[in-house]
Amino acid sequence: MYKILSRERLGLKRYGRYIVEFSTSWPLDTRTLYLVSEFTSWHPGYIRLRKTGDRGEALVKVWDGVYHYMFVKNGYDYYVDSENPDRIEGFKPFPEVKASFTASIANIGVSAIEELLEEGGFHEEHIVHDEGDPIFLSRYLDYIVIRLRTLKGEVDRVLLKTICDGSRKTIVMEKVLSTRYHDYFEAIIRCNSLRGYMFTLEVDGKKILYGNEGVVENPSYIIPVRIKGVNSYQWYLGAIYYSIFVDSFARSNRVDKPSELIRKYAPRERGYYGGDLAGIIDKIDYIGELGVDAVYLTPIFESTTYHRYDVVDYYKVDKYLGGNETFKQLVEKLHERNIKIILDIPLHHTSVCFHGFRDALKKGEKSPYWNWYVFLKKFDEVPAGILEKLLEIVDSDKCLCREVSRAFKGLRPFYETFYGVWCMPKLNYDNAEVVDYMINVIDYWSNMGVDGFRLDVSLGVPANAMKALHRVARERNRILIGEVMTDPKYYLWEEQYDSAMNYELRRLILDYFYYHRMRAVEFAQKVMEQYIQLAPYKANALYNLVGSHDTIRIRTLVKNNEILEQIYAFLFTVYGSPAIYYGDEIGIGGGSDPDNRRPMPWNNRQWNKRLLNYIRKLIELKKKYRALRYGFFRIKSIGENIVVRRFLDDRDVRVVFNTSTISISFKLGVYDEVIYGKRYAVTNDNVEIEPRGLVFITKNM
């Protein structure tokens with residue numbers, strides 16, 4: 001069941017998120033019980049229920065909304081809340097995945113809001129501003145961004161009164177978004193020192209003071225400042241990433257590999273294709289000429305698989321990739337070109353061949369590593385032959401994960417794993433030793449020159465552990481990018497990651513530009529909603545992608561050149577950091593895993609040079625105009641077309657997308673200048689854009 005206990009108290013009459021208790025009876029033979037939902041990216045591990053008597057309980061803080069959820073027993077058995085009759089059949093947490101199931105529904109505050117909106121009037125308890133949450137108050141470069149949320153239609157205008165740099169200033173806040181239930185107001189002010197502020201709400205001709213205690217007649221109305229953010233142009237804001245699946249990118253002749261391991265087939269099979277770090281060094285001029293800011297490498301650590309997401313040794317580069325010395329050379333070569341390097345760390349699970357798991361299998365509960373994992377059964381309860389066979393495999397000189405998968409196909413592991421994969425046992429982050437170990441791993445590779453880390457299955461790791469890792473990374477001036485499969489707004493407000501993979505934006509982009517499942521007004525609404533629910537310094541750090549080693553190749557999906565070019569143009573103009581998956585820039589095709597990991601063709605006669613030149617142009621524009629990289633964001637629909645606006649300091653850049661089937665035209669303003677476009681013409685200051693065309697326009701503000 002779920003129960004709304006209260007709301008966060010921010011002042012005498014000022015409230016924040018809902019505090020909700022999720023609970024269920026504790027099933028027999030259960031070691032662990034998890035809550036999964038949109039706010040856990042559906043991974044068991046992020047929220048673990050504590051056992052109280054015969055029940056499991058977890059407290060969660062969430063904004064009002066309708067959430068789908070389930071409980072997970074021992075990391076494997078998903079089941080609905082038997083004490084909650086509200087549920088949905090055929091629920092798909094990820095639209096691109098065919099699997100569906102029944103999920104329970106938690107209505108957190110929405111029914112009450114619907115009743116309030118129907119009755120009308122002014123409801124001060126639903127005015128929201130939390131100065132401790134960077135969504136509502138943050139520093140961004142030379143600016144301070146302040147936001148206020150109200151119930152839809154209840155407030156006509158909001159005035160922000162500040163004590164800024166020793167002077168009192170009053171600003172009219174912009175209503176930047178209206179959703180089904182809420183209005184969002186925002187003020188962007190230049191201010192070095194903000195001492196305090198308050199709001200004046202105009203409601204039906206009346207002026208209502210909203211300050212530290214909410215709507216009260218109290219002299220202590222000034223809201224104190226507790227500000228987070230960034231005050232300089234950090235490299236990861238609006239950065240351009242190039243993602244490399246290492247085994248598939250480039251194969252050198254300087255790293256020894258058994259010839260029998262190397263495959264040469266297409267479509268791609270599972271197994272080694274022989275890419276290595278020396279091969280990346282050989283192609284570093286190509287990477288540099290693209291103009292990217294950072295290279296993200298899939299795991300490079302010692303492993304027994306070609307993808308290397310099952311790590312045997314976190315301190316060693318796999319010998320088939322060239323070892324630690326070759327990695328040092330790669331870091332040096334990249335840094336010479338001012339290109340950062342991001343390493344992918346599979347921190348959720350290890351290989352069965354990892355020394356700690358081997359020791360736990362051999363010694364059982366006497367092993368110092370026993371509590372590094374979550375064993376669901378004592379060894380004398382494991383069916384005969386299974387433990388012995390597993391020990392035989394992991395204790396051999398050639399501990400090969402594929403042998404584990406073959407030996408136990410169709411059987412459930414007796415320990416928690418990554419989605420039931422025998423060779424990927426899940427780490428227990430309730431054990432402080434595991435957290436300390438991963439801190440040391442981050443330390444080691446930071447000292448090797450790594451600039452940041454992408455954290456695999458990061459939402460399978462508890463929030464407290466992630467916060468500890470993030471603190472250490474920030475102390476070393478390194479960034480963390482979380483692998484998040486649902487909307488990143490659920491995680492980035494807390495100090496867990498600097499960035500997250502924005503698969504939610506990818507879904508929106510494809511639904512609008514390619515599948516045509518939504519109209520322009522809905523697309524603009526949903527994109528703006530994601531932006532306004534993140535602090536600007538978080539939104540502009542998002543890792544935005546349309547392709548990865550876990551998705552169908554974008555070129556295979558989108559075959560129409562004009563649509564594909566619009567998709568990339570949007571990727572490079574929306575808030576955040578655009579990411580290119582190796583080969584997408586030259587039009588590589590590929591289906592589902594593992595075919596989306598095809599080898600990079602280095603014969604340029606096989607390249608889509610039109611697409612390559614187009615992406616190079618987008619990179620050039622992104623780096624030339626600071627507003628495109630660092631700027632604030634707006635989006636609106638005009639008919640069935642959209643206009644993106646990025647603005648910063650005295651520069652305003654707009655991008656007009658004609659996604660309709662007819663030409664559109666508009667008049668340029670006095671200071672407008674077309675800086676780039678596709679399928680357009682300018683005549684006497686009149687711009688005409690053909691179907692599937694677009695235009696970049698800039699002006700001084």
# chains A, B, ... in the order shown; residues from 1 in each chain; ligands from 1
call {"tool": "residues_around", "arguments": {"residues": "A:Val450", "least_positions_apart": "3", "cutoff": "6 Å", "atoms": "only C-alpha atoms", "output": "short mmCIF file (atom, residue, chain, number, x, y, z; two decimals) with C-alpha atoms, in the first residue's frame"}}
result
data_model
loop_
_atom_site.label_atom_id
_atom_site.label_comp_id
_atom_site.auth_asym_id
_atom_site.auth_seq_id
_atom_site.Cartn_x
_atom_site.Cartn_y
_atom_site.Cartn_z
CA ILE A 341 37.86 11.31 -21.67
CA TRP A 445 41.39 6.44 -12.75
CA SER A 446 41.15 10.12 -11.87
#
call {"tool": "residues_around", "arguments": {"residues": "A:Glu114", "least_positions_apart": "5", "cutoff": "10 Å", "atoms": "only C-alpha atoms", "output": "list in words"}}
result
Gly109, Glu119, Leu151, Arg180 and Tyr181 of chain A
call {"tool": "write_last_selection", "arguments": {"atoms": "C-alpha atoms", "output": "tab-separated table (two decimals), in the first residue's frame"}}
result
chain	number	residue	atom	x	y	z
A	109	GLY	CA	-1.88	14.69	-4.71
A	119	GLU	CA	-13.85	24.58	-7.35
A	151	LEU	CA	-1.83	26.02	-9.55
A	180	ARG	CA	-2.45	20.57	-17.01
A	181	TYR	CA	-2.20	21.47	-13.32
call {"tool": "closest_atom_pairs", "arguments": {"of": "stretch 107-159 of chain A", "to": "stretch 205-217 of chain A", "cutoff": "9 Å", "atoms": "only C-alpha atoms", "output": "Markdown table"}}
result
| residue | atom | partner | partner_atom | distance |
| --- | --- | --- | --- | --- |
| A:Glu124 | CA | A:Val215 | CA | 6.7 |
| A:Glu125 | CA | A:Gly214 | CA | 8.2 |
| A:Ile127 | CA | A:Gly214 | CA | 8.2 |
| A:Asp156 | CA | A:Gly205 | CA | 8.5 |
call {"tool": "write_last_selection", "arguments": {"atoms": "C-alpha atoms", "output": "PDB file, in the first residue's frame"}}
result
ATOM      1  CA  GLU A 124      -1.927  29.282  -1.158  1.00  0.00           C
ATOM      2  CA  GLU A 125      -0.800  25.843   0.074  1.00  0.00           C
ATOM      3  CA  ILE A 127       2.268  27.873  -4.198  1.00  0.00           C
ATOM      4  CA  ASP A 156      -2.289  36.434 -12.934  1.00  0.00           C
TER       5      ASP A 156
END
call {"tool": "closest_residue", "arguments": {"among": "A:Glu392, A:Asp649, A:Glu690, A:Glu565", "to": "A:Asp584", "atoms": "only C-alpha atoms"}}
result
A:Glu565
call {"tool": "residues_around", "arguments": {"residues": "stretch 87-102 of chain A", "least_positions_apart": "5", "cutoff": "10 Å", "atoms": "only C-alpha atoms", "output": "ChimeraX atom specification"}}
result
/A:37-38,41-42,68-70,78-82,485-486,503-504,507,551-552
call {"tool": "write_last_selection", "arguments": {"atoms": "C-alpha atoms", "output": "JSON list (two decimals), in the first residue's frame"}}
result
[["chain", "number", "residue", "atom", "x", "y", "z"],
["A", 37, "SER", "CA", 8.88, 2.99, -10.32],
["A", 38, "GLU", "CA", 9.56, 5.83, -12.75],
["A", 41, "SER", "CA", 14.23, 3.91, -13.56],
["A", 42, "TRP", "CA", 12.52, 0.56, -12.77],
["A", 68, "HIS", "CA", 3.32, 3.45, -11.52],
["A", 69, "TYR", "CA", 5.08, 1.08, -9.16],
["A", 70, "MET", "CA", 5.77, -2.52, -8.19],
["A", 78, "TYR", "CA", 8.08, -8.36, -9.62],
["A", 79, "TYR", "CA", 4.57, -8.11, -8.19],
["A", 80, "VAL", "CA", 1.81, -5.52, -7.79],
["A", 81, "ASP", "CA", 0.64, -4.05, -4.52],
["A", 82, "SER", "CA", -2.10, -6.42, -3.33],
["A", 485, "MET", "CA", 16.39, 5.14, -18.66],
["A", 486, "THR", "CA", 13.43, 7.24, -17.44],
["A", 503, "TYR", "CA", 16.70, 8.65, -23.04],
["A", 504, "GLU", "CA", 13.43, 10.44, -22.27],
["A", 507, "ARG", "CA", 11.76, 9.19, -27.05],
["A", 551, "THR", "CA", 19.49, 1.26, -29.18],
["A", 552, "ILE", "CA", 18.78, 0.53, -32.83]]
call {"tool": "closest_residue", "arguments": {"among": "A:Phe570, A:Tyr676, A:Tyr582, A:Tyr490", "to": "A:Leu508", "atoms": "only C-alpha atoms"}}
result
A:Phe570
call {"tool": "select_by_dssp", "arguments": {"residues": "stretch 464-617 of chain A", "states": "helix (DSSP H, G or I)", "output": "compact mmCIF listing (two decimals) with N, CA and C atoms, in the first residue's frame"}}
result
# COMPACT_ATOMS: atom_id res chain seq x y z
N ASN A 464 22.09 7.05 -1.30
CA ASN A 464 23.13 7.46 -0.36
C ASN A 464 24.52 7.07 -0.86
N ALA A 465 24.63 5.89 -1.46
CA ALA A 465 25.91 5.46 -2.02
C ALA A 465 26.31 6.35 -3.18
N MET A 466 25.33 6.71 -4.03
CA MET A 466 25.63 7.57 -5.17
C MET A 466 26.08 8.95 -4.71
N LYS A 467 25.46 9.46 -3.64
CA LYS A 467 25.86 10.76 -3.13
C LYS A 467 27.29 10.74 -2.62
N ALA A 468 27.67 9.64 -1.98
CA ALA A 468 29.05 9.51 -1.49
C ALA A 468 30.04 9.49 -2.65
N LEU A 469 29.72 8.75 -3.71
CA LEU A 469 30.60 8.71 -4.88
C LEU A 469 30.67 10.08 -5.54
N HIS A 470 29.54 10.78 -5.60
CA HIS A 470 29.52 12.09 -6.24
C HIS A 470 30.36 13.11 -5.46
N ARG A 471 30.28 13.07 -4.14
CA ARG A 471 31.09 13.99 -3.33
C ARG A 471 32.57 13.80 -3.64
N VAL A 472 32.99 12.56 -3.72
CA VAL A 472 34.40 12.28 -4.00
C VAL A 472 34.79 12.75 -5.40
N ALA A 473 33.93 12.48 -6.37
CA ALA A 473 34.22 12.89 -7.75
C ALA A 473 34.35 14.41 -7.84
N ARG A 474 33.45 15.15 -7.18
CA ARG A 474 33.51 16.61 -7.25
C ARG A 474 34.75 17.15 -6.55
N GLU A 475 35.18 16.52 -5.48
CA GLU A 475 36.41 16.93 -4.80
C GLU A 475 37.61 16.80 -5.73
N PRO A 488 15.21 12.08 -16.45
CA PRO A 488 16.26 12.43 -15.46
C PRO A 488 15.81 13.44 -14.43
N LYS A 489 14.64 14.07 -14.61
CA LYS A 489 14.19 15.06 -13.62
C LYS A 489 14.01 14.42 -12.25
N TYR A 490 13.82 13.09 -12.17
CA TYR A 490 13.62 12.44 -10.90
C TYR A 490 14.89 12.35 -10.07
N TYR A 503 17.49 9.51 -22.16
CA TYR A 503 16.70 8.65 -23.04
C TYR A 503 15.29 9.17 -23.20
N GLU A 504 14.79 9.89 -22.18
CA GLU A 504 13.43 10.44 -22.27
C GLU A 504 13.34 11.44 -23.43
N LEU A 505 14.34 12.29 -23.58
CA LEU A 505 14.34 13.25 -24.69
C LEU A 505 14.41 12.52 -26.02
N ARG A 506 15.19 11.45 -26.08
CA ARG A 506 15.27 10.66 -27.32
C ARG A 506 13.88 10.16 -27.72
N ARG A 507 13.11 9.68 -26.74
CA ARG A 507 11.76 9.19 -27.05
C ARG A 507 10.89 10.32 -27.59
N LEU A 508 10.99 11.50 -26.99
CA LEU A 508 10.19 12.63 -27.45
C LEU A 508 10.58 13.03 -28.87
N ILE A 509 11.89 13.08 -29.13
CA ILE A 509 12.37 13.46 -30.47
C ILE A 509 11.84 12.51 -31.53
N LEU A 510 11.95 11.20 -31.26
CA LEU A 510 11.49 10.22 -32.24
C LEU A 510 9.97 10.27 -32.39
N ASP A 511 9.25 10.45 -31.28
CA ASP A 511 7.79 10.50 -31.36
C ASP A 511 7.32 11.68 -32.20
N TYR A 512 8.04 12.79 -32.15
CA TYR A 512 7.61 13.97 -32.90
C TYR A 512 8.14 13.98 -34.33
N PHE A 513 9.45 13.88 -34.49
CA PHE A 513 10.03 14.03 -35.82
C PHE A 513 9.83 12.79 -36.70
N TYR A 514 9.87 11.60 -36.11
CA TYR A 514 9.89 10.38 -36.92
C TYR A 514 8.55 9.63 -36.90
N ALA A 520 2.96 19.28 -32.66
CA ALA A 520 4.02 20.21 -32.27
C ALA A 520 3.77 20.81 -30.90
N VAL A 521 2.51 21.16 -30.60
CA VAL A 521 2.21 21.80 -29.32
C VAL A 521 2.50 20.86 -28.15
N GLU A 522 2.21 19.57 -28.32
CA GLU A 522 2.48 18.61 -27.25
C GLU A 522 3.97 18.38 -27.09
N PHE A 523 4.68 18.30 -28.21
CA PHE A 523 6.13 18.10 -28.16
C PHE A 523 6.80 19.27 -27.44
N ALA A 524 6.45 20.50 -27.84
CA ALA A 524 7.04 21.68 -27.20
C ALA A 524 6.73 21.71 -25.71
N GLN A 525 5.53 21.33 -25.36
CA GLN A 525 5.11 21.31 -23.96
C GLN A 525 5.95 20.34 -23.15
N LYS A 526 6.13 19.12 -23.65
CA LYS A 526 6.85 18.09 -22.90
C LYS A 526 8.34 18.41 -22.79
N VAL A 527 8.93 18.95 -23.85
CA VAL A 527 10.35 19.31 -23.80
C VAL A 527 10.56 20.45 -22.81
N MET A 528 9.69 21.46 -22.86
CA MET A 528 9.82 22.58 -21.93
C MET A 528 9.58 22.13 -20.49
N GLU A 529 8.70 21.17 -20.32
CA GLU A 529 8.42 20.67 -18.97
C GLU A 529 9.65 19.98 -18.38
N GLN A 530 10.38 19.22 -19.20
CA GLN A 530 11.60 18.61 -18.68
C GLN A 530 12.61 19.69 -18.30
N TYR A 531 12.75 20.71 -19.15
CA TYR A 531 13.73 21.77 -18.88
C TYR A 531 13.40 22.52 -17.60
N ILE A 532 12.15 22.89 -17.41
CA ILE A 532 11.79 23.75 -16.28
C ILE A 532 11.83 22.99 -14.96
N PRO A 536 19.05 25.11 -14.51
CA PRO A 536 19.72 25.31 -15.80
C PRO A 536 21.08 24.64 -15.89
N TYR A 537 21.83 24.63 -14.79
CA TYR A 537 23.17 24.02 -14.85
C TYR A 537 23.08 22.50 -14.93
N LYS A 538 21.95 21.92 -14.51
CA LYS A 538 21.74 20.48 -14.70
C LYS A 538 21.21 20.20 -16.10
N ALA A 539 20.26 21.03 -16.56
CA ALA A 539 19.68 20.82 -17.89
C ALA A 539 20.74 20.91 -18.97
N ILE A 554 20.28 4.91 -35.40
CA ILE A 554 19.35 5.95 -35.82
C ILE A 554 19.16 5.95 -37.33
N ARG A 555 20.22 5.61 -38.07
CA ARG A 555 20.11 5.59 -39.54
C ARG A 555 19.23 4.43 -40.02
N THR A 556 19.28 3.31 -39.33
CA THR A 556 18.40 2.19 -39.67
C THR A 556 16.95 2.55 -39.38
N LEU A 557 16.74 3.28 -38.31
CA LEU A 557 15.39 3.69 -37.92
C LEU A 557 14.86 4.78 -38.85
N ASN A 561 16.47 11.46 -45.27
CA ASN A 561 17.58 12.38 -44.98
C ASN A 561 17.10 13.66 -44.30
N GLU A 562 16.01 14.24 -44.79
CA GLU A 562 15.54 15.51 -44.24
C GLU A 562 15.09 15.36 -42.78
N ILE A 563 14.40 14.26 -42.49
CA ILE A 563 13.97 14.03 -41.11
C ILE A 563 15.18 13.81 -40.21
N LEU A 564 16.14 13.03 -40.68
CA LEU A 564 17.34 12.77 -39.89
C LEU A 564 18.10 14.05 -39.61
N GLU A 565 18.19 14.92 -40.62
CA GLU A 565 18.89 16.19 -40.42
C GLU A 565 18.16 17.08 -39.43
N GLN A 566 16.83 17.06 -39.45
CA GLN A 566 16.09 17.83 -38.45
C GLN A 566 16.31 17.28 -37.04
N ILE A 567 16.36 15.98 -36.93
CA ILE A 567 16.61 15.36 -35.63
C ILE A 567 17.96 15.80 -35.07
N TYR A 568 18.99 15.76 -35.91
CA TYR A 568 20.32 16.18 -35.43
C TYR A 568 20.35 17.67 -35.13
N ALA A 569 19.68 18.48 -35.94
CA ALA A 569 19.65 19.91 -35.67
C ALA A 569 19.00 20.20 -34.32
N PHE A 570 17.93 19.47 -34.02
CA PHE A 570 17.28 19.67 -32.72
C PHE A 570 18.21 19.21 -31.59
N LEU A 571 18.88 18.09 -31.79
CA LEU A 571 19.80 17.56 -30.77
C LEU A 571 20.88 18.58 -30.44
N PHE A 572 21.32 19.34 -31.44
CA PHE A 572 22.41 20.30 -31.24
C PHE A 572 21.91 21.68 -30.80
N THR A 573 20.62 21.89 -30.76
CA THR A 573 20.12 23.21 -30.35
C THR A 573 19.32 23.16 -29.05
N ASP A 584 27.49 6.93 -36.30
CA ASP A 584 26.23 7.56 -36.67
C ASP A 584 26.46 8.76 -37.57
N GLU A 585 27.61 9.40 -37.39
CA GLU A 585 27.91 10.59 -38.19
C GLU A 585 28.19 10.26 -39.65
N ILE A 586 28.45 8.99 -39.94
CA ILE A 586 28.69 8.59 -41.34
C ILE A 586 27.59 7.64 -41.84
N ASP A 595 23.76 -6.00 -33.09
CA ASP A 595 24.01 -5.45 -34.42
C ASP A 595 24.23 -3.94 -34.39
N ASN A 596 23.77 -3.29 -33.32
CA ASN A 596 24.02 -1.85 -33.20
C ASN A 596 25.47 -1.54 -32.82
N ARG A 597 26.30 -2.57 -32.74
CA ARG A 597 27.71 -2.41 -32.38
C ARG A 597 28.61 -2.84 -33.54
N ASN A 604 36.36 5.29 -46.58
CA ASN A 604 35.43 6.43 -46.64
C ASN A 604 34.49 6.39 -47.84
N ARG A 605 34.70 5.46 -48.74
CA ARG A 605 33.74 5.31 -49.83
C ARG A 605 32.42 4.72 -49.32
N GLN A 606 32.44 4.16 -48.12
CA GLN A 606 31.23 3.61 -47.52
C GLN A 606 30.51 4.64 -46.64
N LYS A 609 28.80 11.00 -46.72
CA LYS A 609 29.58 12.23 -46.52
C LYS A 609 28.68 13.46 -46.37
N ARG A 610 27.50 13.42 -46.95
CA ARG A 610 26.56 14.52 -46.75
C ARG A 610 26.21 14.65 -45.27
N LEU A 611 25.94 13.52 -44.64
CA LEU A 611 25.59 13.53 -43.22
C LEU A 611 26.78 13.95 -42.37
N LEU A 612 27.96 13.44 -42.71
CA LEU A 612 29.17 13.80 -41.96
C LEU A 612 29.43 15.29 -42.02
N ASN A 613 29.34 15.88 -43.18
CA ASN A 613 29.58 17.32 -43.32
C ASN A 613 28.51 18.12 -42.58
N TYR A 614 27.30 17.62 -42.60
CA TYR A 614 26.20 18.30 -41.91
C TYR A 614 26.45 18.32 -40.40
N ILE A 615 26.85 17.19 -39.84
CA ILE A 615 27.10 17.12 -38.40
C ILE A 615 28.32 17.97 -38.04
N ARG A 616 29.33 17.98 -38.89
CA ARG A 616 30.47 18.88 -38.63
C ARG A 616 30.02 20.33 -38.59
N LYS A 617 29.07 20.70 -39.44
CA LYS A 617 28.57 22.07 -39.44
C LYS A 617 27.81 22.37 -38.15
